[in-house]
$ cat input13.cif   # mmCIF, C-alpha atoms
data_data
#
loop_
_atom_site.group_PDB
_atom_site.id
_atom_site.type_symbol
_atom_site.label_atom_id
_atom_site.label_comp_id
_atom_site.auth_asym_id
_atom_site.auth_seq_id
_atom_site.Cartn_x
_atom_site.Cartn_y
_atom_site.Cartn_z
ATOM 1 C CA MET I 1 64.292 -30.840 -3.320
ATOM 2 C CA SER I 2 61.938 -32.784 -1.055
ATOM 3 C CA ALA I 3 63.129 -33.623 2.452
ATOM 4 C CA ASN I 4 62.414 -37.256 1.595
ATOM 5 C CA ALA I 5 64.604 -37.301 -1.525
ATOM 6 C CA LEU I 6 68.367 -37.274 -1.969
ATOM 7 C CA ASP I 7 70.953 -37.066 -4.718
ATOM 8 C CA VAL I 8 72.912 -40.285 -5.254
ATOM 9 C CA ASN I 9 76.045 -40.984 -7.288
ATOM 10 C CA ALA I 10 78.245 -43.968 -8.063
ATOM 11 C CA ALA I 11 80.097 -43.636 -4.747
ATOM 12 C CA THR I 12 76.936 -43.620 -2.610
ATOM 13 C CA PHE I 13 74.624 -45.856 -4.654
ATOM 14 C CA GLU I 14 75.421 -49.082 -2.798
ATOM 15 C CA GLU I 15 74.683 -47.579 0.609
ATOM 16 C CA GLU I 16 71.834 -45.226 -0.243
ATOM 17 C CA VAL I 17 69.989 -47.504 -2.665
ATOM 18 C CA ILE I 18 70.974 -51.161 -2.401
ATOM 19 C CA ASP I 19 71.488 -51.307 1.372
ATOM 20 C CA ALA I 20 68.632 -48.908 2.134
ATOM 21 C CA SER I 21 66.208 -50.972 0.045
ATOM 22 C CA ARG I 22 66.540 -53.819 2.521
ATOM 23 C CA THR I 23 64.566 -51.645 4.954
ATOM 24 C CA VAL I 24 62.260 -49.614 2.696
ATOM 25 C CA PRO I 25 61.571 -49.578 -1.081
ATOM 26 C CA VAL I 26 63.840 -47.160 -2.974
ATOM 27 C CA LEU I 27 62.825 -45.423 -6.199
ATOM 28 C CA VAL I 28 65.787 -44.290 -8.301
ATOM 29 C CA ASP I 29 65.020 -41.441 -10.690
ATOM 30 C CA PHE I 30 67.542 -41.355 -13.540
ATOM 31 C CA TRP I 31 67.349 -37.831 -14.983
ATOM 32 C CA ALA I 32 69.423 -35.068 -16.617
ATOM 33 C CA PRO I 33 69.205 -31.249 -16.507
ATOM 34 C CA TRP I 34 68.387 -30.980 -20.222
ATOM 35 C CA CYS I 35 65.500 -33.478 -20.065
ATOM 36 C CA GLY I 36 62.087 -31.787 -20.368
ATOM 37 C CA PRO I 37 59.988 -34.795 -19.250
ATOM 38 C CA CYS I 38 62.291 -35.131 -16.222
ATOM 39 C CA ARG I 39 61.263 -31.634 -15.126
ATOM 40 C CA THR I 40 57.645 -32.796 -15.307
ATOM 41 C CA LEU I 41 58.130 -36.060 -13.424
ATOM 42 C CA THR I 42 60.494 -34.933 -10.671
ATOM 43 C CA PRO I 43 57.985 -32.676 -8.843
ATOM 44 C CA VAL I 44 55.472 -35.550 -8.865
ATOM 45 C CA LEU I 45 57.999 -37.937 -7.333
ATOM 46 C CA GLU I 46 59.078 -35.430 -4.697
ATOM 47 C CA LYS I 47 55.470 -34.576 -3.798
ATOM 48 C CA LEU I 48 54.664 -38.258 -3.296
ATOM 49 C CA ALA I 49 57.860 -38.821 -1.311
ATOM 50 C CA ASP I 50 56.624 -36.179 1.126
ATOM 51 C CA GLN I 51 53.071 -37.536 1.208
ATOM 52 C CA TYR I 52 54.184 -41.106 1.878
ATOM 53 C CA GLN I 53 56.311 -39.871 4.808
ATOM 54 C CA GLY I 54 59.205 -42.289 4.555
ATOM 55 C CA LYS I 55 57.318 -45.372 3.343
ATOM 56 C CA PHE I 56 59.632 -45.247 0.336
ATOM 57 C CA ARG I 57 62.894 -43.441 -0.431
ATOM 58 C CA LEU I 58 63.483 -41.329 -3.534
ATOM 59 C CA ALA I 59 67.048 -41.344 -4.864
ATOM 60 C CA LYS I 60 67.937 -39.076 -7.791
ATOM 61 C CA VAL I 61 70.767 -39.964 -10.179
ATOM 62 C CA ASN I 62 72.020 -37.424 -12.728
ATOM 63 C CA SER I 63 72.648 -39.768 -15.650
ATOM 64 C CA ASP I 64 75.057 -37.309 -17.326
ATOM 65 C CA ASP I 65 77.286 -37.254 -14.251
ATOM 66 C CA ASN I 66 76.976 -40.999 -13.594
ATOM 67 C CA PRO I 67 77.207 -42.777 -16.958
ATOM 68 C CA GLN I 68 78.538 -45.937 -15.305
ATOM 69 C CA LEU I 69 75.373 -46.321 -13.219
ATOM 70 C CA SER I 70 73.213 -45.659 -16.261
ATOM 71 C CA ALA I 71 75.071 -48.333 -18.215
ATOM 72 C CA GLN I 72 75.005 -50.799 -15.330
ATOM 73 C CA TYR I 73 71.228 -50.570 -14.995
ATOM 74 C CA GLY I 74 70.423 -50.358 -18.692
ATOM 75 C CA VAL I 75 69.195 -46.763 -18.779
ATOM 76 C CA ARG I 76 68.717 -45.879 -22.447
ATOM 77 C CA SER I 77 66.012 -43.244 -22.143
ATOM 78 C CA ILE I 78 65.127 -40.759 -19.404
ATOM 79 C CA PRO I 79 63.341 -40.216 -17.187
ATOM 80 C CA ASN I 80 63.694 -43.816 -16.100
ATOM 81 C CA VAL I 81 62.508 -44.724 -12.589
ATOM 82 C CA LYS I 82 63.766 -48.027 -11.201
ATOM 83 C CA ALA I 83 62.494 -49.616 -7.993
ATOM 84 C CA PHE I 84 64.706 -51.562 -5.585
ATOM 85 C CA VAL I 85 63.434 -53.855 -2.811
ATOM 86 C CA ASP I 86 65.588 -56.062 -0.577
ATOM 87 C CA GLY I 87 68.696 -55.155 -2.555
ATOM 88 C CA GLU I 88 67.222 -56.138 -5.929
ATOM 89 C CA LEU I 89 65.864 -54.242 -8.922
ATOM 90 C CA VAL I 90 62.205 -55.318 -9.014
ATOM 91 C CA ASP I 91 60.356 -52.931 -11.352
ATOM 92 C CA GLU I 92 60.653 -49.740 -13.411
ATOM 93 C CA PHE I 93 58.833 -47.295 -15.662
ATOM 94 C CA LEU I 94 59.899 -44.955 -18.459
ATOM 95 C CA GLY I 95 58.876 -41.406 -19.250
ATOM 96 C CA ALA I 96 56.805 -38.814 -17.419
ATOM 97 C CA GLN I 97 53.708 -40.406 -15.890
ATOM 98 C CA PRO I 98 50.606 -38.852 -14.310
ATOM 99 C CA GLU I 99 50.502 -38.726 -10.539
ATOM 100 C CA SER I 100 47.829 -41.438 -10.357
ATOM 101 C CA ALA I 101 50.015 -43.878 -12.313
ATOM 102 C CA VAL I 102 53.079 -43.109 -10.191
ATOM 103 C CA ARG I 103 51.060 -43.559 -7.014
ATOM 104 C CA GLN I 104 49.800 -46.931 -8.242
ATOM 105 C CA PHE I 105 53.386 -47.952 -9.049
ATOM 106 C CA ILE I 106 54.541 -47.002 -5.538
ATOM 107 C CA ASP I 107 51.629 -48.743 -3.829
ATOM 108 C CA GLY I 108 52.554 -51.955 -5.610
ATOM 109 C CA LEU I 109 55.998 -51.846 -3.987
ATOM 110 C CA LEU I 110 54.961 -51.170 -0.411
ATOM 111 C CA PRO I 111 54.941 -54.110 1.983
ATOM 112 C CA SER I 112 51.650 -55.325 3.401
ATOM 113 C CA ALA I 113 50.811 -54.944 7.094
ATOM 114 C CA GLY I 114 51.852 -58.553 7.634
ATOM 115 C CA GLU I 115 55.152 -58.050 5.870
ATOM 116 C CA VAL I 116 55.945 -54.980 7.990
ATOM 117 C CA LEU I 117 55.382 -57.058 11.138
ATOM 118 C CA ARG I 118 57.498 -59.884 9.694
ATOM 119 C CA LYS I 119 60.451 -57.559 9.084
ATOM 120 C CA ARG I 120 60.193 -56.227 12.623
ATOM 121 C CA ALA I 121 60.140 -59.808 13.867
ATOM 122 C CA THR I 122 63.263 -60.583 11.838
ATOM 123 C CA ALA I 123 65.073 -57.731 13.564
ATOM 124 C CA LEU I 124 63.976 -58.942 17.009
ATOM 125 C CA SER I 125 65.054 -62.500 16.225
ATOM 126 C CA ALA I 126 68.466 -61.284 15.064
ATOM 127 C CA ALA I 127 68.784 -59.392 18.363
ATOM 128 C CA GLY I 128 68.052 -62.577 20.330
ATOM 129 C CA ASP I 129 64.446 -61.807 21.273
ATOM 130 C CA ALA I 130 62.786 -64.985 20.006
ATOM 131 C CA ALA I 131 59.665 -64.519 22.142
ATOM 132 C CA GLY I 132 59.127 -61.009 20.828
ATOM 133 C CA ALA I 133 59.697 -62.172 17.271
ATOM 134 C CA LEU I 134 57.182 -65.003 17.617
ATOM 135 C CA ALA I 135 54.590 -62.624 19.061
ATOM 136 C CA LEU I 136 54.954 -60.316 16.060
ATOM 137 C CA LEU I 137 54.789 -63.249 13.663
ATOM 138 C CA GLU I 138 51.526 -64.374 15.275
ATOM 139 C CA GLN I 139 50.158 -60.880 14.625
ATOM 140 C CA ALA I 140 51.441 -61.038 11.054
ATOM 141 C CA ALA I 141 49.725 -64.391 10.508
ATOM 142 C CA GLN I 142 46.434 -62.923 11.722
ATOM 143 C CA ALA I 143 46.845 -59.860 9.511
ATOM 144 C CA GLU I 144 47.920 -61.822 6.437
ATOM 145 C CA GLY I 145 47.335 -65.537 6.720
ATOM 146 C CA HIS I 146 48.510 -66.364 3.201
ATOM 147 C CA ASN I 147 52.098 -65.113 3.677
ATOM 148 C CA ASP I 148 54.283 -68.243 3.560
ATOM 149 C CA ALA I 149 57.333 -66.268 4.709
ATOM 150 C CA VAL I 150 55.604 -65.634 8.050
ATOM 151 C CA TYR I 151 55.111 -69.347 8.738
ATOM 152 C CA ALA I 152 58.614 -70.197 7.513
ATOM 153 C CA ASP I 153 60.108 -67.600 9.881
ATOM 154 C CA MET I 154 57.991 -68.923 12.720
ATOM 155 C CA ALA I 155 59.059 -72.510 12.072
ATOM 156 C CA GLU I 156 62.747 -71.553 11.902
ATOM 157 C CA ILE I 157 62.637 -69.746 15.247
ATOM 158 C CA LEU I 158 60.731 -72.575 16.925
ATOM 159 C CA LEU I 159 63.109 -75.172 15.512
ATOM 160 C CA ALA I 160 66.116 -73.209 16.768
ATOM 161 C CA GLN I 161 64.553 -73.372 20.238
ATOM 162 C CA GLY I 162 64.099 -77.130 20.002
ATOM 163 C CA ARG I 163 60.298 -76.820 19.837
ATOM 164 C CA VAL I 164 60.095 -79.333 17.010
ATOM 165 C CA ASP I 165 56.396 -80.193 17.175
ATOM 166 C CA GLU I 166 55.411 -76.511 17.181
ATOM 167 C CA ALA I 167 57.815 -75.845 14.312
ATOM 168 C CA LYS I 168 56.247 -78.658 12.295
ATOM 169 C CA ALA I 169 52.789 -77.252 13.030
ATOM 170 C CA ALA I 170 53.857 -73.834 11.721
ATOM 171 C CA ALA I 171 55.408 -75.398 8.624
ATOM 172 C CA GLY I 172 52.177 -77.322 8.079
ATOM 173 C CA LYS I 173 50.473 -74.001 7.323
ATOM 174 C CA LEU I 174 52.737 -73.304 4.351
ATOM 175 C CA GLY I 175 51.012 -73.102 0.987
ATOM 176 C CA PRO I 176 51.395 -75.770 -1.717
ATOM 177 C CA LEU I 177 53.908 -73.704 -3.717
ATOM 178 C CA ALA I 178 56.134 -72.776 -0.765
ATOM 179 C CA GLY I 179 58.438 -75.700 -1.514
ATOM 180 C CA ASP I 180 59.598 -73.932 -4.671
ATOM 181 C CA ASP I 181 61.649 -71.654 -2.414
ATOM 182 C CA PRO I 182 65.103 -73.178 -1.633
ATOM 183 C CA ARG I 183 64.963 -71.689 1.851
ATOM 184 C CA VAL I 184 61.678 -73.478 2.563
ATOM 185 C CA ARG I 185 62.976 -76.753 1.130
ATOM 186 C CA ALA I 186 65.957 -76.542 3.482
ATOM 187 C CA LEU I 187 63.657 -75.789 6.411
ATOM 188 C CA LEU I 188 61.408 -78.752 5.619
ATOM 189 C CA ALA I 189 64.444 -81.000 5.353
ATOM 190 C CA ARG I 190 65.713 -79.824 8.750
ATOM 191 C CA LEU I 191 62.298 -80.491 10.271
ATOM 192 C CA ASP I 192 62.208 -83.930 8.718
ATOM 193 C CA PHE I 193 65.503 -84.874 10.386
ATOM 194 C CA ALA I 194 64.827 -83.067 13.671
ATOM 195 C CA GLY I 195 64.675 -85.317 16.720
ATOM 196 C CA ALA I 196 66.492 -88.246 15.123
ATOM 197 C CA GLY I 197 69.554 -87.669 17.312
ATOM 198 C CA ARG I 198 67.815 -89.216 20.326
ATOM 199 C CA GLU I 199 68.244 -92.743 18.943
ATOM 200 C CA ASP I 200 71.245 -94.915 19.969
ATOM 201 C CA ALA I 201 73.801 -94.481 17.171
ATOM 202 C CA GLY I 202 76.171 -97.029 18.710
ATOM 203 C CA ALA I 203 73.541 -99.758 18.643
ATOM 204 C CA LEU I 204 72.753 -98.988 15.009
ATOM 205 C CA ARG I 205 76.427 -99.165 14.028
ATOM 206 C CA ALA I 206 76.678 -102.550 15.758
ATOM 207 C CA ARG I 207 73.663 -103.760 13.793
ATOM 208 C CA ILE I 208 75.212 -102.609 10.517
ATOM 209 C CA GLU I 209 78.540 -104.247 11.321
ATOM 210 C CA ALA I 210 76.809 -107.512 12.109
ATOM 211 C CA GLN I 211 74.451 -107.305 9.147
ATOM 212 C CA PRO I 212 75.693 -104.958 6.387
ATOM 213 C CA ALA I 213 72.507 -105.482 4.365
ATOM 214 C CA ASP I 214 70.371 -103.965 7.164
ATOM 215 C CA LEU I 215 69.303 -100.908 5.179
ATOM 216 C CA GLU I 216 66.787 -99.810 7.792
ATOM 217 C CA ALA I 217 69.578 -99.468 10.360
ATOM 218 C CA ARG I 218 71.679 -97.562 7.838
ATOM 219 C CA LEU I 219 68.855 -95.125 7.115
ATOM 220 C CA ARG I 220 68.180 -94.561 10.808
ATOM 221 C CA LEU I 221 71.881 -93.875 11.331
ATOM 222 C CA VAL I 222 71.770 -91.386 8.432
ATOM 223 C CA ARG I 223 69.027 -89.441 10.179
ATOM 224 C CA ILE I 224 71.047 -89.325 13.405
ATOM 225 C CA ASP I 225 74.138 -88.074 11.562
ATOM 226 C CA VAL I 226 72.180 -85.404 9.688
ATOM 227 C CA ALA I 227 70.537 -84.221 12.913
ATOM 228 C CA GLY I 228 74.052 -83.915 14.352
ATOM 229 C CA GLN I 229 75.264 -82.077 11.201
ATOM 230 C CA ARG I 230 77.615 -84.950 10.301
ATOM 231 C CA TYR I 231 76.681 -84.730 6.664
ATOM 232 C CA GLU I 232 79.529 -86.540 4.944
ATOM 233 C CA PRO I 233 79.165 -89.883 6.783
ATOM 234 C CA ALA I 234 75.403 -89.612 6.309
ATOM 235 C CA LEU I 235 75.822 -89.170 2.568
ATOM 236 C CA ASP I 236 78.294 -92.048 2.449
ATOM 237 C CA GLN I 237 75.685 -94.286 4.083
ATOM 238 C CA LEU I 238 73.042 -93.153 1.593
ATOM 239 C CA ILE I 239 75.300 -93.989 -1.325
ATOM 240 C CA GLU I 240 75.768 -97.451 0.180
ATOM 241 C CA ILE I 241 72.002 -97.905 0.575
ATOM 242 C CA ILE I 242 71.431 -96.938 -3.064
ATOM 243 C CA ARG I 243 74.301 -99.152 -4.224
ATOM 244 C CA ARG I 244 72.843 -102.161 -2.401
ATOM 245 C CA ASP I 245 69.203 -101.611 -3.430
ATOM 246 C CA ARG I 246 68.225 -98.387 -5.150
ATOM 247 C CA LYS I 247 64.491 -99.252 -5.037
ATOM 248 C CA TRP I 248 64.406 -100.228 -1.366
ATOM 249 C CA ASN I 249 61.551 -98.674 0.612
ATOM 250 C CA GLY I 250 60.279 -96.579 -2.299
ATOM 251 C CA GLU I 251 63.759 -95.297 -3.200
ATOM 252 C CA ALA I 252 64.242 -94.033 0.337
ATOM 253 C CA GLY I 253 68.007 -93.743 -0.138
ATOM 254 C CA ARG I 254 67.805 -91.453 -3.151
ATOM 255 C CA LYS I 255 64.933 -89.400 -1.756
ATOM 256 C CA THR I 256 66.711 -88.913 1.564
ATOM 257 C CA MET I 257 69.869 -87.865 -0.256
ATOM 258 C CA LEU I 258 67.926 -85.228 -2.182
ATOM 259 C CA ALA I 259 66.487 -83.956 1.115
ATOM 260 C CA VAL I 260 70.032 -83.600 2.486
ATOM 261 C CA PHE I 261 71.007 -81.713 -0.681
ATOM 262 C CA ASP I 262 68.093 -79.320 -0.075
ATOM 263 C CA LEU I 263 69.239 -78.825 3.508
ATOM 264 C CA LEU I 264 72.825 -78.053 2.509
ATOM 265 C CA GLY I 265 72.023 -75.881 -0.522
ATOM 266 C CA ALA I 266 73.153 -76.235 -4.107
ATOM 267 C CA GLN I 267 76.463 -74.420 -3.575
ATOM 268 C CA HIS I 268 77.740 -76.665 -0.782
ATOM 269 C CA GLU I 269 80.883 -78.614 -1.693
ATOM 270 C CA LEU I 270 79.396 -81.914 -0.496
ATOM 271 C CA VAL I 271 76.367 -81.511 -2.754
ATOM 272 C CA GLY I 272 78.430 -81.290 -5.924
ATOM 273 C CA ARG I 273 80.643 -84.185 -4.887
ATOM 274 C CA PHE I 274 77.816 -86.516 -3.897
ATOM 275 C CA ARG I 275 75.674 -85.630 -6.907
ATOM 276 C CA ARG I 276 78.488 -87.043 -9.009
ATOM 277 C CA LYS I 277 78.668 -90.157 -6.816
ATOM 278 C CA LEU I 278 74.904 -90.592 -7.029
ATOM 279 C CA ALA I 279 74.979 -90.317 -10.812
ATOM 280 C CA SER I 280 77.764 -92.906 -10.937
ATOM 281 C CA VAL I 281 75.812 -95.366 -8.762
ATOM 282 C CA LEU I 282 72.553 -94.907 -10.662
ATOM 283 C CA ASN I 283 74.179 -95.221 -14.066
#
$ encode --input "input13.cif" --output "structure tokens"
Amino acid sequence: MSANALDVNAATFEEEVIDASRTVPVLVDFWAPWCGPCRTLTPVLEKLADQYQGKFRLAKVNSDDNPQLSAQYGVRSIPNVKAFVDGELVDEFLGAQPESAVRQFIDGLLPSAGEVLRKRATALSAAGDAAGALALLEQAAQAEGHNDAVYADMAEILLAQGRVDEAKAAAGKLGPLAGDDPRVRALLARLDFAGAGREDAGALRARIEAQPADLEARLRLVRIDVAGQRYEPALDQLIEIIRRDRKWNGEAGRKTMLAVFDLLGAQHELVGRFRRKLASVLN
């Protein structure tokens, strides 16, 4: 067997395939000793594993010995090669394939130069080296300017350092479809609320107490509370704004509430609760 390939079973699959794929693509070769096409494909896979020198990992699963893995991943015919990236099954092919086709399949899984730099930057950021991470992300942006993940990472690190204007500039380089990603929507929402905490919350509360219909003061107080991660009182204020005048300022109350939902994420307890309140107010 190739030095860059290993046998995997049900007990080691999570570590050797799922976890390992968060660092490097993993090809899982489902095979069996009696399978003639497997004997044709396996040498090709092992040869390429050696040639690519660790750019991908080859994991071999004897489907006869591991029927539970075969069933879990829908293996109905072998050889069946399944590709895992970042803990997820992303692609596969069936049957013995020529070396050129297998090479093309592998090349499609490998990260670009920019993505390699981005992953290194992620590791540096996690270790507390924000400056090093930002330097690598700048290199990644130069190598691959269309990678939205690079600019999102950059904006998140800058925002965490309180460099709001720079974070907004990085986010401004995101492509038009980046907002489809929940992580990017949350980032944009955080940037939108960033800096609001510098306003005088006490003065705004006094204004609201004196004039409950002052929706501008309520909205400004919402932004302060969100910036301070006081989400429930902020959402309560937004419900009140919508209740008093749902169309005020271009539906600012509803739109701001949706931005807070994006920030919190769909699974947050407050999101479910206040979606129901919003529906009740609107209907």
$ atom_distance --input "input13.cif" --atom1 "atom CA of I:Val75" --atom2 "atom CA of I:Lys47"
23.7 Å
$ atom_distance --input "input13.cif" --atom1 "atom CA of I:Asp50" --atom2 "atom CA of I:Ile18"
21.0 Å
$ resolve_selection --input "input13.cif" --expression "the PyMOL selection byres ((chain I and resi 277) around 12)" --output "short mmCIF file (atom, residue, chain, number, x, y, z; two decimals) with C-alpha atoms, in the coordinates of the input"
data_model
loop_
_atom_site.label_atom_id
_atom_site.label_comp_id
_atom_site.auth_asym_id
_atom_site.auth_seq_id
_atom_site.Cartn_x
_atom_site.Cartn_y
_atom_site.Cartn_z
CA LEU I 235 75.82 -89.17 2.57
CA ASP I 236 78.29 -92.05 2.45
CA LEU I 238 73.04 -93.15 1.59
CA ILE I 239 75.30 -93.99 -1.32
CA GLU I 240 75.77 -97.45 0.18
CA ILE I 242 71.43 -96.94 -3.06
CA ARG I 243 74.30 -99.15 -4.22
CA ARG I 254 67.81 -91.45 -3.15
CA MET I 257 69.87 -87.86 -0.26
CA LEU I 270 79.40 -81.91 -0.50
CA VAL I 271 76.37 -81.51 -2.75
CA GLY I 272 78.43 -81.29 -5.92
CA ARG I 273 80.64 -84.18 -4.89
CA PHE I 274 77.82 -86.52 -3.90
CA ARG I 275 75.67 -85.63 -6.91
CA ARG I 276 78.49 -87.04 -9.01
CA LEU I 278 74.90 -90.59 -7.03
CA ALA I 279 74.98 -90.32 -10.81
CA SER I 280 77.76 -92.91 -10.94
CA VAL I 281 75.81 -95.37 -8.76
CA LEU I 282 72.55 -94.91 -10.66
CA ASN I 283 74.18 -95.22 -14.07
#
$ residues_around --input "input13.cif" --residues "I:Gly202" --least-positions-apart "2" --cutoff "12 Å" --atoms "all atoms listed in the file" --output "JSON, numbers by chain"
{"I": [197, 198, 199, 200, 204, 205, 206, 207, 208, 209, 217, 218, 220, 221, 224, 225]}
$ residues_around --input "input13.cif" --residues "I:Gly265" --least-positions-apart "3" --cutoff "8 Å" --atoms "all atoms listed in the file" --output "number ranges by chain"
I: 182, 186, 261-262, 268, 271
$ residues_around --input "input13.cif" --residues "I:Gly128" --least-positions-apart "6" --cutoff "12 Å" --atoms "all atoms listed in the file" --output "VMD selection string"
chain I and resid 121 to 122 134 157 160 to 161
$ closest_residue --input "input13.cif" --among "I:Arg103, I:Arg223, I:Lys60, I:Lys119" --to "I:Arg190" --atoms "all atoms listed in the file"
I:Arg223
$ atom_distance --input "input13.cif" --atom1 "atom CA of I:Thr12" --atom2 "atom CA of I:Ser125"
29.2 Å
$ axis_aligned_box --input "input13.cif" --around "stretch 137-145 of chain I" --padding-each-side "5 Å" --output "AutoDock Vina command-line options"
--center_x 50.6 --center_y -62.7 --center_z 10.9 --size_x 18.4 --size_y 15.7 --size_z 18.8
$ resolve_selection --input "input13.cif" --expression "the PyMOL selection byres ((chain I and resi 116) around 12)" --output "list in words"
Arg22, Thr23, Val24, Pro25, Lys55, Leu110, Pro111, Ser112, Ala113, Gly114, Glu115, Leu117, Arg118, Lys119, Arg120, Ala121, Thr122, Ala123, Leu136, Leu137, Gln139, Ala140, Ala141, Ala143, Glu144, Asn147, Ala149 and Val150 of chain I
$ resolve_selection --input "input13.cif" --expression "the PyMOL selection byres ((chain I and resi 8) around 9)" --output "list in words"
Leu6, Asp7, Asn9, Ala10, Ala11, Thr12, Phe13, Glu16, Val17, Val28, Ala59, Lys60, Val61 and Asn62 of chain I
$ closest_residue --input "input13.cif" --among "I:Ala266, I:Ile78, I:Ala131, I:Ile106" --to "I:Pro33" --atoms "all atoms listed in the file"
I:Ile78
$ residues_around --input "input13.cif" --residues "I:Pro43" --least-positions-apart "4" --cutoff "12 Å" --atoms "all atoms listed in the file" --output "mmCIF file with C-alpha atoms, in the frame of the given file"
data_model
loop_
_atom_site.group_PDB
_atom_site.id
_atom_site.type_symbol
_atom_site.label_atom_id
_atom_site.label_comp_id
_atom_site.auth_asym_id
_atom_site.auth_seq_id
_atom_site.Cartn_x
_atom_site.Cartn_y
_atom_site.Cartn_z
ATOM 1 C CA MET I 1 64.292 -30.840 -3.320
ATOM 2 C CA SER I 2 61.938 -32.784 -1.055
ATOM 3 C CA ALA I 5 64.604 -37.301 -1.525
ATOM 4 C CA ASP I 29 65.020 -41.441 -10.690
ATOM 5 C CA PRO I 37 59.988 -34.795 -19.250
ATOM 6 C CA CYS I 38 62.291 -35.131 -16.222
ATOM 7 C CA ARG I 39 61.263 -31.634 -15.126
ATOM 8 C CA LYS I 47 55.470 -34.576 -3.798
ATOM 9 C CA LEU I 48 54.664 -38.258 -3.296
ATOM 10 C CA ALA I 49 57.860 -38.821 -1.311
ATOM 11 C CA ASP I 50 56.624 -36.179 1.126
ATOM 12 C CA LEU I 58 63.483 -41.329 -3.534
ATOM 13 C CA LYS I 60 67.937 -39.076 -7.791
ATOM 14 C CA ALA I 96 56.805 -38.814 -17.419
ATOM 15 C CA GLN I 97 53.708 -40.406 -15.890
ATOM 16 C CA PRO I 98 50.606 -38.852 -14.310
ATOM 17 C CA GLU I 99 50.502 -38.726 -10.539
ATOM 18 C CA VAL I 102 53.079 -43.109 -10.191
#
$ closest_residue --input "input13.cif" --among "I:Val226, I:Ala196, I:Ala130, I:Leu219" --to "I:Gly253" --atoms "only C-alpha atoms"
I:Leu219
$ residues_around --input "input13.cif" --residues "I:Val90" --least-positions-apart "6" --cutoff "10 Å" --atoms "only C-alpha atoms" --output "PyMOL selection string"
chain I and resi 25+82-84+109
$ closest_residue --input "input13.cif" --among "I:Phe56, I:Asp153, I:Asp86, I:Ala252" --to "I:Asp107" --atoms "only C-alpha atoms"
I:Phe56
$ closest_residue --input "input13.cif" --among "I:Gln53, I:Trp248, I:Glu14, I:Leu159" --to "I:Leu69" --atoms "all atoms listed in the file"
I:Glu14
$ closest_residue --input "input13.cif" --among "I:Gln229, I:Gln51, I:Asn80, I:Gln68" --to "I:Phe30" --atoms "all atoms listed in the file"
I:Asn80
